[in-house]
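*Asks:* One structure is given below, represented as structure tokens, and several questions about it will come after.
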Amino acid sequence: MVMTQLTYIRDIARYGFENDKQKLLDVLQQFVEFSFKSKKVNLALQLQSVLDTASQHSTNALTRVEQQGRSRISELSNQPDELVLEKLTSDYTFNHLVGEDRVKEQLAYFVEEHKRSEILKRFDLPVANKVLFYGPSGCGKTLASYVVAGELTKTMVVVNLGGIVSSKLGETSKNLARVFRQAAAENCIIFLDEFDSLGKIRDYDHDHGEMKRVVNTILQLFDYLPQTSMVIAATNQREIIDSALLRRFDLSVKFDFPDQKKILELIELTLKKGRFVFDDKAKLPELVKLSTGLSYYSIQKTLINTVKRSLITQDSSVRTLNAVISTSIWKQLLKEEKKALA
């Protein structure tokens, strides 16, 4: 069914009268996303504010790592720009990030360096402001960028690579310069996902000069980026990025698939404050072992889908303090996810 504004308003009224808080929050969140896509930014911001207030008082919701402390579109996005996907602020903190201690430690030092930049400037020391996140998809690179933005209370500009890259000669370099110039003026974080599509190794025999121009432009933009601004680039293919660009990054952080300890942490964070229990906790070690080799995203996605399927299939006439999560459903979904990714 095609959803319209009237459809969302009807559902909001219905769930409000039925006093179904969870469905009301769900449809409100969908209405926020619909409003942003429909370019009704002021309405979306007001609705998001209502949702944020409601979520602070909610104690029975699942915690999704990517949405806890949900990133909010800032008012800067009222001015549309085809080169920018969105400008946002973030409420994410290190408490929302599950990852290796090494990763958290590197990010913590980086954030602290910016928070105490005045001490470094007093001794004429540079402040690191160019970071590369690399590793497999779904292992927390984008989430980590939100955490940095949230910890530093900086606006983040998510660059639209589709708008940046142009078939016209020299246009890609001009687009990049424009984004950097705007972000530098606003002391923003520039987030470049799939950075390898911009910074590929310069092939002096086959790229006809265009990739050389783009890489040279990025090198210059990096060199003249004010230390109050920041670039975070993310890639799944670090090995194809030009070596000169790799040397320009002050910090390179490698993200990996979770081990069994981190999988348990992810499960705990996902179910935090939720009224959910496993039907057979003795099977949890087996499921954690089965999850090994999957990304944080895949594990969390299958767990949340398991919770939803468990709720749908359970007997609604039975009222309990806790909703029961079916371990057999999760096992099935984990196997299907591994098969789909093979």
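Lettering and numbering for the structure tokens are positional, with chains as A, B, ... in the shown order, residues counted from 1 in each chain, and ligands counted from 1 in the shown order.
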Contacts of stretch 188-200 of chain A at 6 Å or less, counting only C-alpha atoms, minus same-chain residues fewer than 5 places along, as a VMD selection string?

*Replies:* chain A and resid 155 to 159 183 215 229 to 235 240 to 242

*Asks:* Just to be explicit: take each residue in the selection above, keep N, CA and C atoms, and write the result as a CSV table (one decimal), in the first residue's frame.

*Replies:*
```csv
chain,number,residue,atom,x,y,z
A,155,THR,N,28.3,19.2,13.9
A,155,THR,CA,27.5,18.9,12.8
A,155,THR,C,28.3,18.0,11.8
A,156,MET,N,27.6,17.0,11.3
A,156,MET,CA,28.3,16.1,10.3
A,156,MET,C,27.6,16.3,8.9
A,157,VAL,N,28.4,16.5,7.9
A,157,VAL,CA,28.0,16.6,6.5
A,157,VAL,C,28.2,15.3,5.8
A,158,VAL,N,27.2,14.6,5.5
A,158,VAL,CA,27.3,13.3,4.8
A,158,VAL,C,27.3,13.5,3.3
A,159,VAL,N,28.4,13.3,2.7
A,159,VAL,CA,28.6,13.7,1.2
A,159,VAL,C,27.9,12.7,0.3
A,183,ALA,N,31.9,23.1,4.3
A,183,ALA,CA,32.1,22.5,5.6
A,183,ALA,C,33.1,23.2,6.5
A,215,VAL,N,42.5,12.9,-7.2
A,215,VAL,CA,43.3,12.6,-6.1
A,215,VAL,C,44.2,13.8,-5.7
A,229,SER,N,37.9,21.8,11.5
A,229,SER,CA,37.1,21.0,10.7
A,229,SER,C,37.7,19.6,10.7
A,230,MET,N,37.0,18.6,10.1
A,230,MET,CA,37.4,17.2,10.2
A,230,MET,C,36.9,16.4,9.0
A,231,VAL,N,37.7,15.5,8.6
A,231,VAL,CA,37.3,14.5,7.5
A,231,VAL,C,37.3,13.1,8.1
A,232,ILE,N,36.2,12.4,8.0
A,232,ILE,CA,36.2,11.0,8.3
A,232,ILE,C,35.8,10.3,7.0
A,233,ALA,N,36.7,9.4,6.5
A,233,ALA,CA,36.5,8.6,5.3
A,233,ALA,C,36.4,7.2,5.7
A,234,ALA,N,35.5,6.5,5.0
A,234,ALA,CA,35.2,5.0,5.3
A,234,ALA,C,35.3,4.2,4.0
A,235,THR,N,35.9,3.1,4.1
A,235,THR,CA,36.1,2.2,2.9
A,235,THR,C,36.1,0.7,3.3
A,240,ILE,N,43.0,-0.3,-2.4
A,240,ILE,CA,43.0,0.3,-3.7
A,240,ILE,C,43.1,1.9,-3.6
A,241,ILE,N,43.2,2.4,-2.4
A,241,ILE,CA,43.3,3.8,-2.2
A,241,ILE,C,44.8,4.3,-2.5
A,242,ASP,N,44.9,5.4,-3.1
A,242,ASP,CA,46.2,5.9,-3.5
A,242,ASP,C,47.1,6.1,-2.2
```

*Asks:* Between atom CA of A:Leu246 and atom CA of A:Ala177, measure the distance and give it in Å to one decimal.

*Replies:*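 Answer for the atom CA of A:Leu246 to atom CA of A:Ala177 separation: 19.1 Å.
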
*Asks:* Rounded to one decimal place, report the atom CA of A:Val179-atom CA of A:Thr142 distance in Å.

*Replies:* 19.2 Å

*Asks:* From the set A:Leu219, A:Leu303, A:Val98, A:Ile267, which residue has the shortest atom-to-atom contact distance to A:Leu143, counting only C-alpha atoms?

*Replies:* A:Val98
